[in-house]
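Source file: data.pdb. Holds: PDB, C-alpha atoms.
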```
ATOM      1  CA  TYR A 109     -67.433  83.439  59.451
ATOM      2  CA  TYR A 110     -64.412  82.404  57.344
ATOM      3  CA  THR A 111     -66.584  81.181  54.456
ATOM      4  CA  ALA A 112     -68.535  84.437  54.553
ATOM      5  CA  GLY A 113     -65.313  86.459  54.426
ATOM      6  CA  ASP A 114     -65.606  87.851  57.972
ATOM      7  CA  LEU A 115     -61.987  87.199  58.856
ATOM      8  CA  GLN A 116     -61.903  89.188  62.101
ATOM      9  CA  ASN A 117     -64.720  87.176  63.695
ATOM     10  CA  ALA A 118     -63.271  83.973  62.264
ATOM     11  CA  LEU A 119     -59.945  84.757  63.953
ATOM     12  CA  LYS A 120     -61.623  85.497  67.300
ATOM     13  CA  ASN A 121     -63.553  82.225  67.290
ATOM     14  CA  TYR A 122     -60.548  80.163  66.245
ATOM     15  CA  ILE A 123     -58.568  81.645  69.158
ATOM     16  CA  ARG A 124     -61.421  80.858  71.576
ATOM     17  CA  ALA A 125     -61.340  77.248  70.409
ATOM     18  CA  LYS A 126     -58.010  76.688  72.172
ATOM     19  CA  ASP A 127     -59.925  76.200  75.466
ATOM     20  CA  PHE A 128     -61.524  73.074  73.967
ATOM     21  CA  CYS A 129     -58.296  71.494  72.696
ATOM     22  CA  ALA A 130     -57.732  68.256  74.609
ATOM     23  CA  VAL A 131     -54.986  66.553  72.587
ATOM     24  CA  PRO A 132     -51.954  67.817  70.607
ATOM     25  CA  GLU A 133     -53.723  67.129  67.311
ATOM     26  CA  HIS A 134     -56.516  69.537  68.247
ATOM     27  CA  THR A 135     -54.029  72.218  69.302
ATOM     28  CA  PHE A 136     -52.107  71.810  66.053
ATOM     29  CA  GLU A 137     -55.240  72.090  63.908
ATOM     30  CA  MET A 138     -56.497  75.114  65.823
ATOM     31  CA  SER A 139     -53.085  76.841  65.582
ATOM     32  CA  MET A 140     -52.830  76.253  61.836
ATOM     33  CA  ARG A 141     -56.337  77.638  61.280
ATOM     34  CA  VAL A 142     -55.421  80.761  63.232
ATOM     35  CA  VAL A 143     -52.246  81.053  61.161
ATOM     36  CA  LYS A 144     -54.189  80.742  57.913
ATOM     37  CA  VAL A 145     -56.637  83.522  58.828
ATOM     38  CA  ALA A 146     -53.873  85.711  60.296
ATOM     39  CA  LEU A 147     -51.896  85.410  57.060
ATOM     40  CA  GLU A 148     -54.854  86.682  55.077
ATOM     41  CA  LEU A 149     -55.201  89.563  57.550
ATOM     42  CA  ARG A 150     -51.401  90.077  57.397
ATOM     43  CA  ASN A 151     -51.344  89.899  61.185
ATOM     44  CA  PHE A 152     -47.870  88.402  61.482
ATOM     45  CA  THR A 153     -47.803  88.703  65.274
ATOM     46  CA  HIS A 154     -50.480  86.018  65.503
ATOM     47  CA  VAL A 155     -48.753  84.039  62.753
ATOM     48  CA  TYR A 156     -45.486  83.931  64.695
ATOM     49  CA  ASN A 157     -47.145  83.056  68.027
ATOM     50  CA  TYR A 158     -49.370  80.278  66.724
ATOM     51  CA  ILE A 159     -46.862  78.682  64.370
ATOM     52  CA  SER A 160     -44.621  78.340  67.442
ATOM     53  CA  LYS A 161     -47.470  76.637  69.311
ATOM     54  CA  ALA A 162     -48.101  74.314  66.383
ATOM     55  CA  SER A 163     -44.398  73.379  66.191
ATOM     56  CA  ALA A 164     -44.303  72.645  69.929
ATOM     57  CA  GLN A 165     -46.992  69.963  69.653
ATOM     58  CA  TYR A 166     -44.786  67.593  67.629
ATOM     59  CA  ILE A 167     -41.096  67.847  68.318
ATOM     60  CA  SER A 168     -39.888  64.360  67.415
ATOM     61  CA  ASN A 169     -42.731  62.613  65.563
ATOM     62  CA  MET A 170     -44.078  65.202  63.128
ATOM     63  CA  ASP A 171     -45.155  63.814  59.760
ATOM     64  CA  ALA A 172     -44.104  65.242  56.403
ATOM     65  CA  GLY A 173     -47.340  67.161  55.859
ATOM     66  CA  LYS A 174     -47.107  69.030  59.147
ATOM     67  CA  GLN A 175     -43.369  69.711  58.709
ATOM     68  CA  SER A 176     -44.018  71.066  55.229
ATOM     69  CA  ASN A 177     -46.788  73.445  56.254
ATOM     70  CA  ILE A 178     -44.757  74.794  59.166
ATOM     71  CA  ALA A 179     -41.776  75.377  56.842
ATOM     72  CA  LEU A 180     -44.038  77.092  54.297
ATOM     73  CA  VAL A 181     -45.568  79.382  56.923
ATOM     74  CA  ASN A 182     -42.043  80.350  58.019
ATOM     75  CA  PHE A 183     -41.282  81.036  54.351
ATOM     76  CA  LEU A 184     -44.266  83.393  54.113
ATOM     77  CA  MET A 185     -43.170  85.260  57.249
ATOM     78  CA  GLN A 186     -39.619  85.706  55.923
ATOM     79  CA  MET A 187     -40.925  86.927  52.571
ATOM     80  CA  ASP A 188     -42.994  89.574  54.334
ATOM     81  CA  SER A 189     -39.797  90.700  56.108
ATOM     82  CA  HIS A 190     -37.851  90.663  52.794
ATOM     83  CA  ASN A 191     -35.366  88.134  54.206
ATOM     84  CA  TYR A 192     -35.025  86.363  50.883
ATOM     85  CA  LYS A 193     -32.089  84.088  51.747
ATOM     86  CA  VAL A 194     -33.803  82.852  54.913
ATOM     87  CA  ALA A 195     -37.049  82.414  52.976
ATOM     88  CA  LEU A 196     -35.203  80.309  50.400
ATOM     89  CA  GLN A 197     -33.774  78.109  53.149
ATOM     90  CA  CYS A 198     -37.305  77.542  54.486
ATOM     91  CA  LEU A 199     -38.328  76.210  51.069
ATOM     92  CA  LEU A 200     -35.263  73.968  50.949
ATOM     93  CA  ASP A 201     -36.319  72.535  54.326
ATOM     94  CA  VAL A 202     -39.604  71.247  52.887
ATOM     95  CA  PRO A 203     -39.374  67.414  52.825
ATOM     96  CA  VAL A 204     -39.826  65.669  49.506
ATOM     97  CA  ASP A 205     -42.704  63.623  50.981
ATOM     98  CA  PHE A 206     -44.783  66.795  50.814
ATOM     99  CA  ILE A 207     -45.334  66.077  47.110
ATOM    100  CA  THR A 208     -47.211  62.846  47.818
ATOM    101  CA  SER A 209     -48.567  63.707  51.274
ATOM    102  CA  ASN A 210     -52.342  63.621  51.761
ATOM    103  CA  TYR A 211     -52.150  66.480  54.252
ATOM    104  CA  SER A 212     -53.921  69.627  53.070
ATOM    105  CA  LYS A 213     -51.769  71.899  50.911
ATOM    106  CA  GLU A 214     -53.568  75.137  51.727
ATOM    107  CA  PHE A 215     -50.561  77.464  51.883
ATOM    108  CA  ILE A 216     -48.402  76.659  48.831
ATOM    109  CA  LEU A 217     -48.658  73.894  46.240
ATOM    110  CA  PRO A 218     -45.704  71.516  45.698
ATOM    111  CA  SER A 219     -45.232  72.778  42.129
ATOM    112  CA  ASP A 220     -44.886  76.351  43.433
ATOM    113  CA  VAL A 221     -42.140  75.355  45.884
ATOM    114  CA  GLY A 222     -39.733  74.735  43.004
ATOM    115  CA  LEU A 223     -40.783  77.906  41.183
ATOM    116  CA  TYR A 224     -40.433  80.185  44.218
ATOM    117  CA  ALA A 225     -37.132  78.662  45.302
ATOM    118  CA  SER A 226     -35.650  78.936  41.794
ATOM    119  CA  LEU A 227     -36.586  82.596  41.474
ATOM    120  CA  LEU A 228     -35.140  83.409  44.900
ATOM    121  CA  ALA A 229     -31.963  81.444  44.132
ATOM    122  CA  LEU A 230     -31.430  83.264  40.836
ATOM    123  CA  ALA A 231     -31.803  86.617  42.602
ATOM    124  CA  VAL A 232     -29.841  86.171  45.842
ATOM    125  CA  LEU A 233     -27.417  83.239  45.528
ATOM    126  CA  SER A 234     -24.011  83.177  43.921
ATOM    127  CA  ARG A 235     -23.357  80.766  41.088
ATOM    128  CA  SER A 236     -21.518  78.288  43.328
ATOM    129  CA  GLU A 237     -24.191  78.413  46.030
ATOM    130  CA  MET A 238     -26.908  77.853  43.449
ATOM    131  CA  ARG A 239     -25.112  74.829  42.062
ATOM    132  CA  THR A 240     -24.755  73.290  45.532
ATOM    133  CA  LYS A 241     -28.162  74.123  47.004
ATOM    134  CA  ILE A 242     -30.389  73.880  43.917
ATOM    135  CA  ILE A 243     -28.889  72.119  40.905
ATOM    136  CA  GLN A 244     -27.023  69.356  42.752
ATOM    137  CA  ASN A 245     -29.584  68.985  45.539
ATOM    138  CA  PRO A 246     -31.103  65.504  45.065
ATOM    139  CA  VAL A 247     -34.159  66.330  47.207
ATOM    140  CA  PHE A 248     -34.954  69.601  45.480
ATOM    141  CA  LYS A 249     -34.728  68.017  42.030
ATOM    142  CA  ASN A 250     -38.060  66.351  42.778
ATOM    143  CA  PHE A 251     -39.717  69.778  43.081
ATOM    144  CA  LEU A 252     -38.045  71.045  39.907
ATOM    145  CA  GLU A 253     -39.413  68.099  37.957
ATOM    146  CA  LEU A 254     -42.945  69.296  38.727
ATOM    147  CA  ASP A 255     -42.373  72.413  36.605
ATOM    148  CA  LYS A 256     -40.242  71.936  33.480
ATOM    149  CA  ASP A 257     -40.244  75.665  32.654
ATOM    150  CA  THR A 258     -38.526  76.456  35.938
ATOM    151  CA  ALA A 259     -35.882  73.796  35.342
ATOM    152  CA  SER A 260     -35.179  75.160  31.841
ATOM    153  CA  ILE A 261     -34.676  78.682  33.234
ATOM    154  CA  LEU A 262     -31.989  77.385  35.587
ATOM    155  CA  GLU A 263     -30.320  75.446  32.756
ATOM    156  CA  ASP A 264     -30.229  78.514  30.503
ATOM    157  CA  TYR A 265     -28.752  80.607  33.308
ATOM    158  CA  PHE A 266     -25.940  78.116  33.946
ATOM    159  CA  ASP A 267     -25.301  77.773  30.203
ATOM    160  CA  SER A 268     -24.971  81.579  30.002
ATOM    161  CA  LYS A 269     -27.966  81.768  27.628
ATOM    162  CA  TYR A 270     -29.120  84.922  29.334
ATOM    163  CA  ASN A 271     -31.487  86.038  26.564
ATOM    164  CA  ASP A 272     -33.407  82.746  26.707
ATOM    165  CA  CYS A 273     -33.313  82.747  30.492
ATOM    166  CA  LEU A 274     -34.704  86.268  30.836
ATOM    167  CA  THR A 275     -37.318  85.691  28.118
ATOM    168  CA  LYS A 276     -38.678  82.622  29.911
ATOM    169  CA  LEU A 277     -38.504  84.480  33.218
ATOM    170  CA  ALA A 278     -40.590  87.295  31.733
ATOM    171  CA  ASN A 279     -43.215  84.770  30.642
ATOM    172  CA  ILE A 280     -43.381  83.289  34.126
ATOM    173  CA  SER A 281     -43.504  86.775  35.639
ATOM    174  CA  ALA A 282     -46.777  87.397  33.831
ATOM    175  CA  LYS A 283     -48.243  84.471  35.753
ATOM    176  CA  LEU A 284     -46.611  85.455  39.033
ATOM    177  CA  SER A 285     -47.993  88.993  38.762
ATOM    178  CA  MET A 286     -51.313  87.515  39.901
ATOM    179  CA  ASP A 287     -49.710  85.476  42.675
ATOM    180  CA  ASN A 288     -50.444  86.775  46.189
ATOM    181  CA  VAL A 289     -47.148  85.521  47.553
ATOM    182  CA  MET A 290     -44.643  86.677  44.927
ATOM    183  CA  GLU A 291     -46.347  89.677  43.343
ATOM    184  CA  PRO A 292     -45.122  92.236  45.972
ATOM    185  CA  HIS A 293     -41.519  91.038  45.480
ATOM    186  CA  LEU A 294     -41.570  90.226  41.778
ATOM    187  CA  GLU A 295     -40.055  93.423  40.387
ATOM    188  CA  TYR A 296     -37.162  93.403  42.866
ATOM    189  CA  LEU A 297     -36.333  89.742  42.251
ATOM    190  CA  VAL A 298     -36.556  89.882  38.445
ATOM    191  CA  THR A 299     -34.437  93.038  38.383
ATOM    192  CA  GLY A 300     -31.895  91.319  40.633
ATOM    193  CA  VAL A 301     -31.665  88.363  38.250
ATOM    194  CA  ARG A 302     -31.091  90.682  35.284
ATOM    195  CA  LYS A 303     -28.359  92.616  37.127
ATOM    196  CA  LYS A 304     -26.549  89.412  38.065
ATOM    197  CA  ALA A 305     -26.747  88.206  34.468
ATOM    198  CA  LEU A 306     -25.243  91.475  33.174
ATOM    199  CA  ILE A 307     -22.398  91.332  35.679
ATOM    200  CA  GLN A 308     -21.564  87.711  34.870
ATOM    201  CA  PHE A 309     -21.801  88.325  31.127
ATOM    202  CA  PHE A 310     -19.184  91.100  31.194
ATOM    203  CA  THR A 311     -16.845  89.620  33.839
ATOM    204  CA  PRO A 312     -14.565  87.623  31.442
ATOM    205  CA  TYR A 313     -13.942  90.600  29.111
ATOM    206  CA  LYS A 314     -11.625  93.610  29.232
ATOM    207  CA  SER A 315     -13.772  95.489  26.724
ATOM    208  CA  LEU A 316     -17.044  94.832  24.970
ATOM    209  CA  LYS A 317     -19.226  96.689  22.514
ATOM    210  CA  LEU A 318     -22.537  97.863  23.912
ATOM    211  CA  GLN A 319     -24.248  96.559  20.778
ATOM    212  CA  ASP A 320     -23.075  93.018  21.560
ATOM    213  CA  ILE A 321     -24.389  93.281  25.119
ATOM    214  CA  ALA A 322     -27.690  94.716  23.908
ATOM    215  CA  THR A 323     -28.092  91.863  21.427
ATOM    216  CA  ALA A 324     -27.376  89.252  24.106
ATOM    217  CA  PHE A 325     -30.005  90.782  26.394
ATOM    218  CA  ASN A 326     -32.585  91.534  23.715
ATOM    219  CA  THR A 327     -32.652  95.304  24.140
ATOM    220  CA  ASP A 328     -31.301  98.446  22.461
ATOM    221  CA  VAL A 329     -27.982 100.232  23.007
ATOM    222  CA  GLU A 330     -29.536 103.154  24.889
ATOM    223  CA  GLY A 331     -31.308 100.845  27.313
ATOM    224  CA  ILE A 332     -28.277  98.694  28.023
ATOM    225  CA  GLU A 333     -26.118 101.792  28.466
ATOM    226  CA  LYS A 334     -28.489 103.080  31.148
ATOM    227  CA  GLU A 335     -28.500  99.721  32.947
ATOM    228  CA  LEU A 336     -24.703  99.510  32.886
ATOM    229  CA  SER A 337     -24.386 103.103  34.106
ATOM    230  CA  ASN A 338     -26.524 102.263  37.133
ATOM    231  CA  LEU A 339     -24.442  99.188  37.891
ATOM    232  CA  ILE A 340     -21.216 101.216  37.642
ATOM    233  CA  ALA A 341     -22.648 103.946  39.883
ATOM    234  CA  ASP A 342     -23.658 101.315  42.471
ATOM    235  CA  GLY A 343     -20.163  99.809  42.400
ATOM    236  CA  GLN A 344     -21.365  96.436  41.116
ATOM    237  CA  ILE A 345     -19.244  96.649  37.951
ATOM    238  CA  GLU A 346     -15.706  98.032  37.896
ATOM    239  CA  ALA A 347     -15.798  99.557  34.422
ATOM    240  CA  ARG A 348     -16.200 102.737  32.388
ATOM    241  CA  ILE A 349     -18.246 103.492  29.284
ATOM    242  CA  ASP A 350     -16.886 105.119  26.143
ATOM    243  CA  ARG A 351     -20.118 106.853  25.113
ATOM    244  CA  HIS A 352     -18.697 108.056  21.815
ATOM    245  CA  ASN A 353     -17.584 104.635  20.556
ATOM    246  CA  LYS A 354     -20.193 102.739  22.614
ATOM    247  CA  ILE A 355     -17.675 100.432  24.278
ATOM    248  CA  LEU A 356     -17.567  99.180  27.850
ATOM    249  CA  TYR A 357     -14.051  98.961  29.295
ATOM    250  CA  ALA A 358     -13.154  97.061  32.457
ATOM    251  CA  LYS A 359     -11.088  98.979  34.975
ATOM    252  CA  THR A 360      -7.665  97.371  35.373
ATOM    253  CA  ALA A 361      -5.119  98.151  38.062
ATOM    254  CA  ASN A 362      -2.096 100.225  36.948
ATOM    255  CA  GLN A 363       0.770  97.890  37.843
ATOM    256  CA  LYS A 364       3.403 100.612  37.436
ATOM    257  CA  VAL A 365       1.685 102.892  39.940
ATOM    258  CA  ASN A 366       1.138  99.980  42.330
ATOM    259  CA  THR A 367       4.864  99.124  42.150
ATOM    260  CA  TYR A 368       5.863 102.718  43.005
ATOM    261  CA  LEU A 369       3.403 102.825  45.904
ATOM    262  CA  LYS A 370       4.769  99.536  47.254
ATOM    263  CA  ALA A 371       8.329 100.870  47.004
ATOM    264  CA  LEU A 372       7.337 103.995  48.949
ATOM    265  CA  GLU A 373       5.754 101.852  51.666
ATOM    266  CA  VAL A 374       8.905  99.730  51.976
ATOM    267  CA  GLY A 375      11.072 102.879  52.145
ATOM    268  CA  ASP A 376       8.920 104.423  54.864
ATOM    269  CA  ALA A 377       9.070 101.213  56.892
ATOM    270  CA  PHE A 378      12.892 101.056  56.540
ATOM    271  CA  ARG A 379      13.272 104.710  57.594
ATOM    272  CA  ARG A 380      11.034 104.178  60.617
ATOM    273  CA  ASP A 381      12.947 101.069  61.732
ATOM    274  CA  THR A 382      16.299 102.837  61.263
ATOM    275  CA  GLU A 383      15.225 105.825  63.393
ATOM    276  CA  ILE A 384      14.118 103.453  66.154
ATOM    277  CA  LEU A 385      17.475 101.632  66.108
ATOM    278  CA  LEU A 386      19.442 104.906  66.170
ATOM    279  CA  LEU A 387      17.363 106.129  69.108
ATOM    280  CA  ARG A 388      18.104 102.933  71.045
ATOM    281  CA  VAL A 389      21.843 103.192  70.302
ATOM    282  CA  ASN A 390      21.932 106.812  71.537
ATOM    283  CA  MET A 391      20.044 105.895  74.723
ATOM    284  CA  LEU A 392      22.508 103.080  75.452
ATOM    285  CA  THR A 393      25.469 105.387  74.750
ATOM    286  CA  GLN A 394      24.165 108.004  77.220
ATOM    287  CA  ASN A 395      23.332 105.309  79.791
ATOM    288  CA  PHE A 396      19.705 106.478  79.624
ATOM    289  CA  ILE A 397      18.059 103.136  80.142
ATOM    290  CA  ILE A 398      15.358 101.625  82.325
ATOM    291  CA  SER A 399      16.577  99.157  84.945
ATOM    292  CA  LYS A 400      15.409  97.589  88.217
ATOM    293  CA  ARG A 401      17.087 100.404  90.115
ATOM    294  CA  SER A 402      15.074 102.962  88.148
ATOM    295  CA  HIS A 403      11.874 101.189  89.123
ATOM    296  CA  LYS A 404      12.974 101.284  92.800
ATOM    297  CA  MET A 405      13.598 105.022  92.564
ATOM    298  CA  ASP A 406      10.149 105.559  91.069
ATOM    299  CA  ARG A 407       8.494 103.591  93.887
ATOM    300  CA  ASP A 408      10.386 105.521  96.600
ATOM    301  CA  LEU A 409       9.433 108.842  95.049
ATOM    302  CA  MET A 410       5.791 107.759  94.928
ATOM    303  CA  ASP A 411       5.928 106.728  98.615
ATOM    304  CA  TYR A 412       7.541 110.041  99.522
ATOM    305  CA  GLY A 413       4.864 112.000  97.655
ATOM    306  CA  GLU A 414       2.107 110.077  99.404
ATOM    307  CA  MET A 415       3.667 110.675 102.859
ATOM    308  CA  ARG A 416       4.111 114.365 102.142
ATOM    309  CA  GLY A 417       0.523 114.645 100.961
ATOM    310  CA  ARG A 418      -0.683 113.234 104.283
ATOM    311  CA  GLY A 419       1.474 115.730 106.276
ATOM    312  CA  MET A 420       3.486 112.938 107.930
ATOM    313  CA  PHE A 421       6.781 114.822 107.654
ATOM    314  CA  ARG A 422       5.364 117.802 109.548
ATOM    315  CA  GLN A 423       4.152 115.514 112.311
ATOM    316  CA  MET A 424       7.610 113.935 112.567
ATOM    317  CA  GLY A 425       9.332 117.350 112.660
ATOM    318  CA  MET A 426      10.776 116.884 109.206
ATOM    319  CA  GLY A 427      11.342 119.765 106.886
ATOM    320  CA  GLY A 428      11.413 119.529 103.143
ATOM    321  CA  MET A 429      12.742 116.682 101.132
ATOM    322  CA  GLY A 430      16.337 117.815 101.730
ATOM    323  CA  SER A 431      16.201 118.059 105.566
ATOM    324  CA  MET A 432      15.659 115.524 108.307
ATOM    325  CA  GLY A 433      16.729 116.813 111.699
ATOM    326  CA  GLY A 434      19.426 119.004 110.124
ATOM    327  CA  MET A 435      20.696 116.135 108.025
ATOM    328  CA  GLY A 436      20.106 115.523 104.336
ATOM    329  CA  TYR A 437      17.292 113.029 103.681
ATOM    330  CA  ASP A 438      18.447 110.108 101.596
ATOM    331  CA  PRO A 439      15.431 107.973 100.642
ATOM    332  CA  TYR A 440      17.561 105.434  98.750
ATOM    333  CA  GLY A 441      20.332 104.891 101.264
ATOM    334  CA  ASP A 442      23.033 105.035  98.639
ATOM    335  CA  GLY A 443      24.023 108.704  98.465
ATOM    336  CA  TYR A 444      21.522 109.979  95.879
TER     337      TYR A 444
END
```

As C-alpha cells, the full file:
Amino acid sequence: YYTAGDLQNALKNYIRAKDFCAVPEHTFEMSMRVVKVALELRNFTHVYNYISKASAQYISNMDAGKQSNIALVNFLMQMDSHNYKVALQCLLDVPVDFITSNYSKEFILPSDVGLYASLLALAVLSRSEMRTKIIQNPVFKNFLELDKDTASILEDYFDSKYNDCLTKLANISAKLSMDNVMEPHLEYLVTGVRKKALIQFFTPYKSLKLQDIATAFNTDVEGIEKELSNLIADGQIEARIDRHNKILYAKTANQKVNTYLKALEVGDAFRRDTEILLLRVNMLTQNFIISKRSHKMDRDLMDYGEMRGRGMFRQMGMGGMGSMGGMGYDPYGDGY
C-alpha cells in the first residue's frame, strides 16, 4: 500500500501490526513506520502517540540512530506548530554519531541538520545565544562541516558582512523552496534574518544615511526606507526617518527632561512623607492614639452589640445601654 501511494490503507495495516509485536525492536520499528506515514498524511495526533511508544521501548540503551530519528521526528512536530526555538533544540539534541550511523536516515539527512539548525538560529536566537549554541558547540561543528555554504553564512553574519550573508542565504533559499520541511516556513525565517541584520547594522549609530544602509543590504533607498518604516512601526527600532534628507536618526533620551521629572518625583515623595509626619505629630498632641485600652473598648462594644442583637438585655430586664436596674451601665468598670 505504501509503495503504491495508498497512505490511508498503509497506516491502517501498520497500526494492526502492533498485535504481532513480540519484542521491543518490533514495537519500535512498527511505531516508526506509523510515524513516517502519519507525517506524510500530516496526522500529527498519530505522530505524537507513536513517537511516544517508540521512545518508551528504549529508555536507557537506545543507540545513536534511534535517538537521532526520535529527535528529528520531534523537530518535525515542533516545526508544524511553529515552535522554532524548541525545534532548534531538537536538532541540537541529535547525537554526532548520527552522521556515521548505519540506521536508516529516512526523515532528515545529516547534512540537512546543520542547514536547518543554522537557518533557525539566524532567525530566532540572539547573537550571544548563537555563539554559545551553534558556533562554539563542538558537537554541532561536525554537522556544519558537512555543508560549507551554511558555515560561511554564519561566518559572514558574525563578521557583519550582511550583504554577503543575505546573498548566500538567498541562493540557499532557492534550494529550500523545494524542500518539504522548510518550504512552508522559509519566507518567515528569511525575513526574520533580514530584520535582525538591519537592527544590528544600525544599533551602533546615532544617525545613518539611507543610501549607506541600502548599499550594505544590496537594495535601493525606497526599499530600505519601507523596511525601516515597518521596523519602527513594530517597535523593533527606536528611530525616526528624515524623509527629506534620507537620514535615519536614533531616538535618544532627553536628559534635561528626565532630570526635571526625577526632581518632581523626589519633591512629591518628600511632600508625602512630610504630611504623614505632621499628621502623626498632631495625633500625638491630641492624644488620639491607638493603645491596648482602645482595643479593649472595641472588644467590649462588640460584645455588647452581639448581646443586644440576641435580645439578652430584654430577658435580663435591662433597658438601653445607659440603664441597668435604674443604675448606669458601665461595661468597662472604670467610669466611662

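Residues near the point (-20.4, 95.1, 19.0), at a distance of 12 Å or less over all atoms listed in the file, make up Ser315, Leu316, Lys317, Leu318, Gln319, Asp320, Ile321, Ala322, Thr323, Ala324, Asp328, Val329, Asn353, Lys354, Ile355 and Leu356 of chain A.
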
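Residue selection for this entry, given the PyMOL selection byres ((chain A and resi 268) around 12), comprises Arg235, Ile261, Leu262, Glu263, Asp264, Tyr265, Phe266, Asp267, Lys269, Tyr270, Asn271, Asp272, Cys273, Leu274, Lys304, Ala305, Leu306, Ile307, Gln308, Phe309, Phe310, Ala324 and Phe325 of chain A.
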
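Taking atom CA of A:His293 as the reference point, atom CA of A:Leu184 is found at 11.9 Å.
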
Next on the checklist: Applying the PyMOL selection byres ((chain A and resi 238-244) around 10) to the file I just gave you, which residues come out? Please list them as number ranges by chain.
Outcome noted: A: 196-197, 200, 222, 225-226, 229-230, 232-237, 245-249, 252, 259, 262-263, 266

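Taking only C-alpha atoms into account, A:Ile280 lies nearest to A:Thr258 out of the set A:Thr258, A:Gln363, A:Asn326, A:Asn157.
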
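The space between atom CA of A:Asn182 and atom CA of A:Ala195 spans 7.4 Å.
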
Next on the checklist: With the PyMOL selection byres ((chain A and resi 202) around 12) as the selection, what would be picked from this file? Answer as an MDAnalysis selection string, please.
Outcome noted: chainID A and resid 171:183 195:201 203:207 209 216:218 220:222 225 247:248 250:251

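For the atom pair formed by atom CA of A:Thr135 and atom CA of A:Lys120, the distance is 15.4 Å, given to one decimal.
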
Item to check | Surrounding residues of A:Ile123 excluding itself and chain neighbours under 3 positions, 9 Å, all atoms listed in the file, as a ChimeraX atom specification | outcome: /A:118-120,126-127,138-139,142

As a short mmCIF file (atom, residue, chain, number, x, y, z; two decimals) with C-alpha atoms, in the frame of the given file, please: the residues near A:Phe136 (cut-off 12 Å, all atoms listed in the file, same-chain neighbours under 6 positions excluded).
```
data_model
loop_
_atom_site.label_atom_id
_atom_site.label_comp_id
_atom_site.auth_asym_id
_atom_site.auth_seq_id
_atom_site.Cartn_x
_atom_site.Cartn_y
_atom_site.Cartn_z
CA TYR A 122 -60.55 80.16 66.24
CA ALA A 125 -61.34 77.25 70.41
CA LYS A 126 -58.01 76.69 72.17
CA CYS A 129 -58.30 71.49 72.70
CA ALA A 130 -57.73 68.26 74.61
CA VAL A 142 -55.42 80.76 63.23
CA VAL A 143 -52.25 81.05 61.16
CA TYR A 158 -49.37 80.28 66.72
CA ILE A 159 -46.86 78.68 64.37
CA SER A 160 -44.62 78.34 67.44
CA LYS A 161 -47.47 76.64 69.31
CA ALA A 162 -48.10 74.31 66.38
CA SER A 163 -44.40 73.38 66.19
CA ALA A 164 -44.30 72.64 69.93
CA GLN A 165 -46.99 69.96 69.65
CA TYR A 166 -44.79 67.59 67.63
CA ILE A 167 -41.10 67.85 68.32
CA MET A 170 -44.08 65.20 63.13
CA LYS A 174 -47.11 69.03 59.15
CA GLN A 175 -43.37 69.71 58.71
CA ASN A 177 -46.79 73.44 56.25
CA ILE A 178 -44.76 74.79 59.17
#
```

Can stretch 293-305 of chain A be brought up to N, CA and C atoms and written out as a compact mmCIF listing (two decimals), in the frame of the given file?
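And here's out_19.txt as it stands now:
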```txt
# COMPACT_ATOMS: atom_id res chain seq x y z
N HIS A 293 -42.99 91.12 45.56
CA HIS A 293 -41.52 91.04 45.48
C HIS A 293 -41.02 90.80 44.06
N LEU A 294 -41.93 90.68 43.12
CA LEU A 294 -41.57 90.23 41.78
C LEU A 294 -40.61 91.18 41.08
N GLU A 295 -40.90 92.45 41.10
CA GLU A 295 -40.06 93.42 40.39
C GLU A 295 -38.63 93.42 40.94
N TYR A 296 -38.50 93.40 42.25
CA TYR A 296 -37.16 93.40 42.87
C TYR A 296 -36.38 92.15 42.48
N LEU A 297 -37.03 91.00 42.52
CA LEU A 297 -36.33 89.74 42.25
C LEU A 297 -35.94 89.62 40.78
N VAL A 298 -36.86 89.98 39.87
CA VAL A 298 -36.56 89.88 38.44
C VAL A 298 -35.44 90.87 38.07
N THR A 299 -35.50 92.07 38.63
CA THR A 299 -34.44 93.04 38.38
C THR A 299 -33.10 92.53 38.91
N GLY A 300 -33.13 91.88 40.07
CA GLY A 300 -31.90 91.32 40.63
C GLY A 300 -31.30 90.24 39.75
N VAL A 301 -32.15 89.41 39.16
CA VAL A 301 -31.66 88.36 38.25
C VAL A 301 -31.01 88.99 37.03
N ARG A 302 -31.63 90.03 36.48
CA ARG A 302 -31.09 90.68 35.28
C ARG A 302 -29.74 91.35 35.59
N LYS A 303 -29.62 91.98 36.75
CA LYS A 303 -28.36 92.62 37.13
C LYS A 303 -27.25 91.58 37.27
N LYS A 304 -27.55 90.47 37.92
CA LYS A 304 -26.55 89.41 38.06
C LYS A 304 -26.12 88.86 36.71
N ALA A 305 -27.08 88.71 35.80
CA ALA A 305 -26.75 88.21 34.47
C ALA A 305 -25.83 89.18 33.72
```
